[in-house]
Amino acid sequence: MDRNKHPIINTAYQLVPATGSLLRTLGTVFMHSFRKRETVSYPEESVYLPPRYRGRIILTRDPDGEERCVACNLCAVACPVDCISLQKAEQDDGRWYPEFFRINFSRCIFCGMCEEACPTSAIQLTPDFEMGEYDRQQLVYEKEDLLIDGPGKDHDYHFYKVAGMAIGGKDKGQAKDEEAPEDVRTLLP
Amino acid sequence: MAIIHVDGQAYEVNGADNLLQACLSLGLDIPYFCWHPAMGSVGACRQCAVRQYKDADDDQGMLVMSCMTPAKDQTRIDIEDEEARTFRASVVEWLMINHPHDCPVCEEGGHCHLQDMTVMTGHDRRRYRFSKRTRRNQNLGPFIGHEMNRCITCYRCVRFYNDYAGGTDLGAFGSKDNVYFGRYEEGTLESPFAGNLTEVCPTGVFTDKSHAAHYTRKWDLQFAPSICHQCAMGCNISPGERGGSLRRIENRYHGDVNGYFLCDRGRFGYGYVNRSDRPKVPEWRAQLDQTPTHLEVDAALDHITDALRHARRVIGIGSPRASLESNHQLRELVGDKHFSTGIEAQEQACLERMNHLQRTAGLPTPTPREIERHDAILILGEDPVQSAGRLGLNLRQAALARRETMGEKLDVPTWDAEALKTLGQDSYHPLHIAWPTTTELDSVAIRHSLAPEEIARLGFAVAHIIDPSAPAVDRLDTATRETAQQIADDLMAAERPLVVSGGTLTSEAILEAAGNIAKALSMHAKQAGLVLIRREANSTGLALMGGQPLDWALDELAQGNADALVVLENDLYQRLPAKQVDAALARADIRIVLDHQRTPTTDKASILLPAASFAETSGTLVNLEGRAQRFFQVFEPAYLRPEARLHASWHWLHSLAVSLRGEPPKAIHLDQATQACAEAYSSLAGMAQAAPGADHRIAGLPLAREPHRYSGRTAMRAHLNVNEPRPPQDPDTPFAHSMEGYSGFDRPRQQVPFAWAPGWNSPQAWNKFTDEVGGHLRGGDPGVRLIQPAPGHQGHYHQPVQSAEGTNALRALILPRLFGGEETSSLAAPIQQRTEQPSVILSADDAQRLALKTGDRVNIGEGTTLPVYVQPDWPTGWAGLPAGLVAGVLQGATLTLSAGDKP
């Protein structure tokens, strides 16, 4: 029998499986109402963010409580949207630090390139996204807004303990794997 | 020419080069450290190893150092050979063993040759786990920072400092792996070319201290091709700006002028651009004792237009430290009959004389590069290191080139630096300096300590010996006669003698003497040259433009022939005695001053217009060769400091002229300003070709001022306003205020804001822009010569001056000073710190007559007290005074010294 010649029979052939599919879908949706919920009632309920979530950027301090950022500018140059700007300054003891450190969060895409580029573990992304503002200007964060009091995710790293430059409290030869400064006036082997 | 085979490919190269030079000139990359295009090879670092084969049948070959192997015809080498690659990677690994893991806090990072070479050789993992050697640093003065941990012992610093620049206080100490580069004792590096160590050193051992104070990575700086404004040499520089302030000056390679090196005044003297006390908005005051009122641009223009309309006659005073465009606009504003060059009369006479001599003395003016090929030099009445910085280094190379002449006979190639040094020892090409006191070049020169008139007489005597038809000098004493004979013999024995003189002593007689020698030499058809040193960046240009001297302008005002005055970027008190200037200014009711600094003259202004400095505007200067060179705006000051109202002087003056004519305001662009100037003076006609115009494009692109990795664009201005304005547009030049534009090396171009090529971030990247390393820019060296020798010997001999009559009066002999002797650079903090303790030099006779001894203090004029230094061979009757210290004292002015306070 040629179905195309009998439209009613043809419609019935299509209608029966379609109805079945519809009912199965309704059933599946209905069954979902008994499952565990994935959405949370934000803001009444807080959101779980994994520790490596890439949110609000912070500047951390080393285990001694000194600013970790040495103003090397690598975060700024790694930033694909060029939203980091800073200026190097030097403390009396020779430590480099940022005179200002500005992130324009209205441009930031939270890609984490700055964190990857940072040689001192200073700049870190945190599990926090609650940064909404009514005024875009408020999204420009200065160093005071960025600097926290702890070491962040990296608890131990201390750049100046491995770098050769002498700073206050750490002379030449006192960094990790360093010999005492050479006496250039000796010719002894 | 020679054919060499590299990695199986045949290339044509210069057979006089070594393989490293030849390969780099071909654009092939071989890593290297100790070799430098200007200093040759020593084979110390072992980094440039390649495999060389004896002939086409040799399949073993051997590793050789390419910098120590001549590029002979049919040389076969492999750069990409596996063993050579491994060898080079190992060398970098050894060099990096003790390198201190401090790139983030190193000022060299980002334009570091060591970083580039480490990446090039592929060394990216540290395997060495043992302890590192450390070394102490020294304080090397206000210019140079020192961090010895970073040293890779390539010996470039001492080779440059001692062998090339003639310094004596930097050395290599210690032995084996314990080598230290520094001074015997901590202290300021004495050489006036020490700043080049920051570029010569392939790592961060020597860094720019003035830059460290407001440090920015190279990729974050905005550059433009610029010309140094600190003397008449016209060195090409690459100033870098960030955040609205100038951060550093780097050398910009110019094959003919400055090559790879600058002097320290040019490199560290930029601080005046960043001074916080600079005038930033137009200021107006009715009475001198009033506090100035700040005006908007339109209000200021209206105010001035009003005032000038009511003036009887307006005198315009130009300036040799302003661009030709600005001076021309001033001249247009006030009219030819009312324009003064702003140069004191005697100095201007000398400048005009020098331009005249360059045309008619019969000798061409060599470029500074060509100077190094002259084999006998007479410097008449100049101290080139103090008066023209970089030129001193060229002259020194000319004296040192004796080694190469000797090496030629023994077949020692010119790049084999250590062999030539051993061969040459202390033999130099003859370099005679007629100058009353010690100079930086004394170690390679014979100096004749003479008074200014005697210098001229010596010159006339030399000319007479060379060509007896030149007038003889009467009553010449035996010593001078012998000296003259010796100098004449040396000049005549040479193939390419050179005469250097200049306007430092503002003595026309000395210049005439130099002209006589030049003419005498040209009679003998020598390939000789004549170099004439001018004092300021645009002295040559202003003399070409012409105008009345400053004395005339002040007289016109003092006599009441004019009642209004427009001063362009000029501090009159530096040029003439304060009394004379005061008298003139007191008679001028309207005193309009344009300047980018606060000077005693701006303090007397009724209206002060803030001019843009060289970094904030563009213009044209003419250097001492007569080469017109354009400098370009580095940054737009209003972008980061919206409150600033800085504009080019030529902009201000043009707007004033338009407004004075009652026309509707219209802008003038740089190309129009340049064209107007070129058309107005036949002697300056060529200046329009000095650089490409604003419509110049490469591959349809403007030229980028910023490196492609320029960072922070969306944050650096966000504290002012998070809404980013459009980047400043530049209708005046072919450069864009952004990284969008051409910044590559593969298309030849003349105007290079900064040198960068893939894998080459350090200044060594210049090798990618030159036709051969150490040669000329592939796009042609910038600038055009405006002064050409007139064909035929048109000049005539001048009559010698008579010896000065014996007088008891003590005359001032102003000695040029590299640090502190120039008006604007001495406003920069590093230069102020580097300026040496000034003293008055007296002869033993004068000291005895005045009952003074070395160390006593004397008063000079009003308010300046200086210690006395008694120099045994100093000419009697003269008191040597450092330039720039006692303002308004002219060369040769009578001085009265009175005993000062005891120290």
# chains A, B, ... in the order shown; residues from 1 in each chain; ligands from 1
>>> residues_around(residues="region 82-92 of chain A", least_positions_apart="4", cutoff="6 Å", atoms="only C-alpha atoms", output="NGL selection string")
(:A and (71 or 76 or 96-104 or 107)) or (:B and (215 or 711-716))
>>> residues_around(residues="Arg313 (chain B)", least_positions_apart="6", cutoff="9 Å", atoms="only C-alpha atoms", output="list in words")
Val334, His338, Asn561, Ala562, Asp563, Ala564 and Leu565 of chain B
>>> write_last_selection(atoms="N, CA, C and O atoms", output="PDB file, in the first residue's frame")
ATOM      1  N   VAL B 334      56.964  89.536  13.551  1.00  0.00           N
ATOM      2  CA  VAL B 334      57.451  90.889  13.822  1.00  0.00           C
ATOM      3  C   VAL B 334      57.987  91.582  12.576  1.00  0.00           C
ATOM      4  O   VAL B 334      58.107  92.802  12.551  1.00  0.00           O
ATOM      5  N   HIS B 338      62.643  93.778  12.289  1.00  0.00           N
ATOM      6  CA  HIS B 338      62.526  93.854  13.747  1.00  0.00           C
ATOM      7  C   HIS B 338      62.917  92.543  14.408  1.00  0.00           C
ATOM      8  O   HIS B 338      62.572  92.276  15.542  1.00  0.00           O
ATOM      9  N   ASN B 561      63.302 102.937  20.766  1.00  0.00           N
ATOM     10  CA  ASN B 561      62.842 102.765  19.386  1.00  0.00           C
ATOM     11  C   ASN B 561      61.785 101.685  19.243  1.00  0.00           C
ATOM     12  O   ASN B 561      61.255 101.470  18.169  1.00  0.00           O
ATOM     13  N   ALA B 562      61.557 100.968  20.304  1.00  0.00           N
ATOM     14  CA  ALA B 562      60.520  99.946  20.283  1.00  0.00           C
ATOM     15  C   ALA B 562      59.966  99.830  21.687  1.00  0.00           C
ATOM     16  O   ALA B 562      60.674 100.113  22.656  1.00  0.00           O
ATOM     17  N   ASP B 563      58.720  99.445  21.798  1.00  0.00           N
ATOM     18  CA  ASP B 563      58.132  99.353  23.136  1.00  0.00           C
ATOM     19  C   ASP B 563      57.531  97.980  23.417  1.00  0.00           C
ATOM     20  O   ASP B 563      56.940  97.759  24.457  1.00  0.00           O
ATOM     21  N   ALA B 564      57.672  97.064  22.478  1.00  0.00           N
ATOM     22  CA  ALA B 564      57.156  95.718  22.732  1.00  0.00           C
ATOM     23  C   ALA B 564      58.202  94.709  22.313  1.00  0.00           C
ATOM     24  O   ALA B 564      59.023  94.962  21.429  1.00  0.00           O
ATOM     25  N   LEU B 565      58.148  93.557  22.977  1.00  0.00           N
ATOM     26  CA  LEU B 565      59.204  92.584  22.797  1.00  0.00           C
ATOM     27  C   LEU B 565      58.594  91.184  22.831  1.00  0.00           C
ATOM     28  O   LEU B 565      57.766  90.883  23.690  1.00  0.00           O
TER      29      LEU B 565
END
>>> interface_residues(of="chain B", to="chain A", cutoff="8 Å", atoms="only C-alpha atoms", output="VMD selection string")
chain B and resid 100 to 102 104 to 105 130 to 136 147 149 173 to 175 178 to 180 213 to 217 709 to 716 718 to 719 721 to 722
>>> closest_residue(among="A:Ser33, A:Phe129, A:Leu59, A:Leu23", to="Leu147 (chain A)", atoms="only C-alpha atoms")
A:Leu59
>>> select_by_dssp(residues="region 57-103 of chain A", states="strand (DSSP E or B)", output="list in words")
Ile57, Ile58, Leu59, Arg61, Glu67, Ile84, Ser85, Leu86, Gln87, Lys88, Ala89, Glu90, Trp96, Tyr97, Pro98, Glu99, Phe100, Phe101, Arg102 and Ile103 of chain A
>>> residues_around(residues="Lys853 (chain B)", least_positions_apart="6", cutoff="9 Å", atoms="only C-alpha atoms", output="ChimeraX atom specification")
/B:844,847,868-870
>>> atom_distance(atom1="CA of Asn18 (chain B)", atom2="CA of Ala401 (chain B)")
18.6 Å
>>> residues_around(residues="Asp57 (chain B)", least_positions_apart="4", cutoff="12 Å", atoms="only C-alpha atoms", output="PDB file with all heavy atoms, in the first residue's frame")
ATOM      1  N   TYR B  53      84.169  24.550   7.279  1.00  0.00           N
ATOM      2  CA  TYR B  53      84.733  23.453   6.483  1.00  0.00           C
ATOM      3  C   TYR B  53      85.861  24.002   5.639  1.00  0.00           C
ATOM      4  O   TYR B  53      85.811  25.140   5.162  1.00  0.00           O
ATOM      5  CB  TYR B  53      83.651  22.843   5.588  1.00  0.00           C
ATOM      6  CG  TYR B  53      82.461  22.340   6.359  1.00  0.00           C
ATOM      7  CD1 TYR B  53      81.342  23.151   6.555  1.00  0.00           C
ATOM      8  CD2 TYR B  53      82.457  21.064   6.914  1.00  0.00           C
ATOM      9  CE1 TYR B  53      80.263  22.702   7.278  1.00  0.00           C
ATOM     10  CE2 TYR B  53      81.371  20.611   7.633  1.00  0.00           C
ATOM     11  CZ  TYR B  53      80.276  21.420   7.821  1.00  0.00           C
ATOM     12  OH  TYR B  53      79.206  20.981   8.540  1.00  0.00           O
ATOM     13  N   GLY B  61      84.809  19.283   9.177  1.00  0.00           N
ATOM     14  CA  GLY B  61      84.857  20.676   9.589  1.00  0.00           C
ATOM     15  C   GLY B  61      85.282  20.808  11.036  1.00  0.00           C
ATOM     16  O   GLY B  61      85.638  19.822  11.693  1.00  0.00           O
ATOM     17  N   ARG B  76      83.319  28.164   3.870  1.00  0.00           N
ATOM     18  CA  ARG B  76      82.100  27.359   4.013  1.00  0.00           C
ATOM     19  C   ARG B  76      81.810  27.180   5.491  1.00  0.00           C
ATOM     20  O   ARG B  76      82.647  26.676   6.233  1.00  0.00           O
ATOM     21  CB  ARG B  76      82.299  25.974   3.384  1.00  0.00           C
ATOM     22  CG  ARG B  76      82.320  26.024   1.896  1.00  0.00           C
ATOM     23  CD  ARG B  76      82.880  24.795   1.275  1.00  0.00           C
ATOM     24  NE  ARG B  76      83.073  25.081  -0.140  1.00  0.00           N
ATOM     25  CZ  ARG B  76      82.084  25.023  -1.029  1.00  0.00           C
ATOM     26  NH1 ARG B  76      80.882  24.639  -0.658  1.00  0.00           N
ATOM     27  NH2 ARG B  76      82.303  25.352  -2.282  1.00  0.00           N
TER      28      ARG B  76
END
>>> closest_residue(among="A:Glu66, A:Val16, A:Arg54, A:Leu146", to="Gly168 (chain A)", atoms="only C-alpha atoms")
A:Glu66
>>> closest_atom_pairs(of="region 232-286 of chain B", to="region 822-828 of chain B", cutoff="7 Å", atoms="only C-alpha atoms", output="CSV")
residue,atom,partner,partner_atom,distance
B:Arg265,CA,B:Ser825,CA,7.0
B:Gly269,CA,B:Ser825,CA,4.5
B:Tyr270,CA,B:Ser825,CA,6.3
B:Gly271,CA,B:Ala828,CA,4.2
B:Tyr272,CA,B:Ala828,CA,5.1
>>> residues_around(residues="Ile58 (chain A)", least_positions_apart="2", cutoff="7 Å", atoms="only C-alpha atoms", output="PyMOL selection string")
chain A and resi 56+60+123-125+146-148
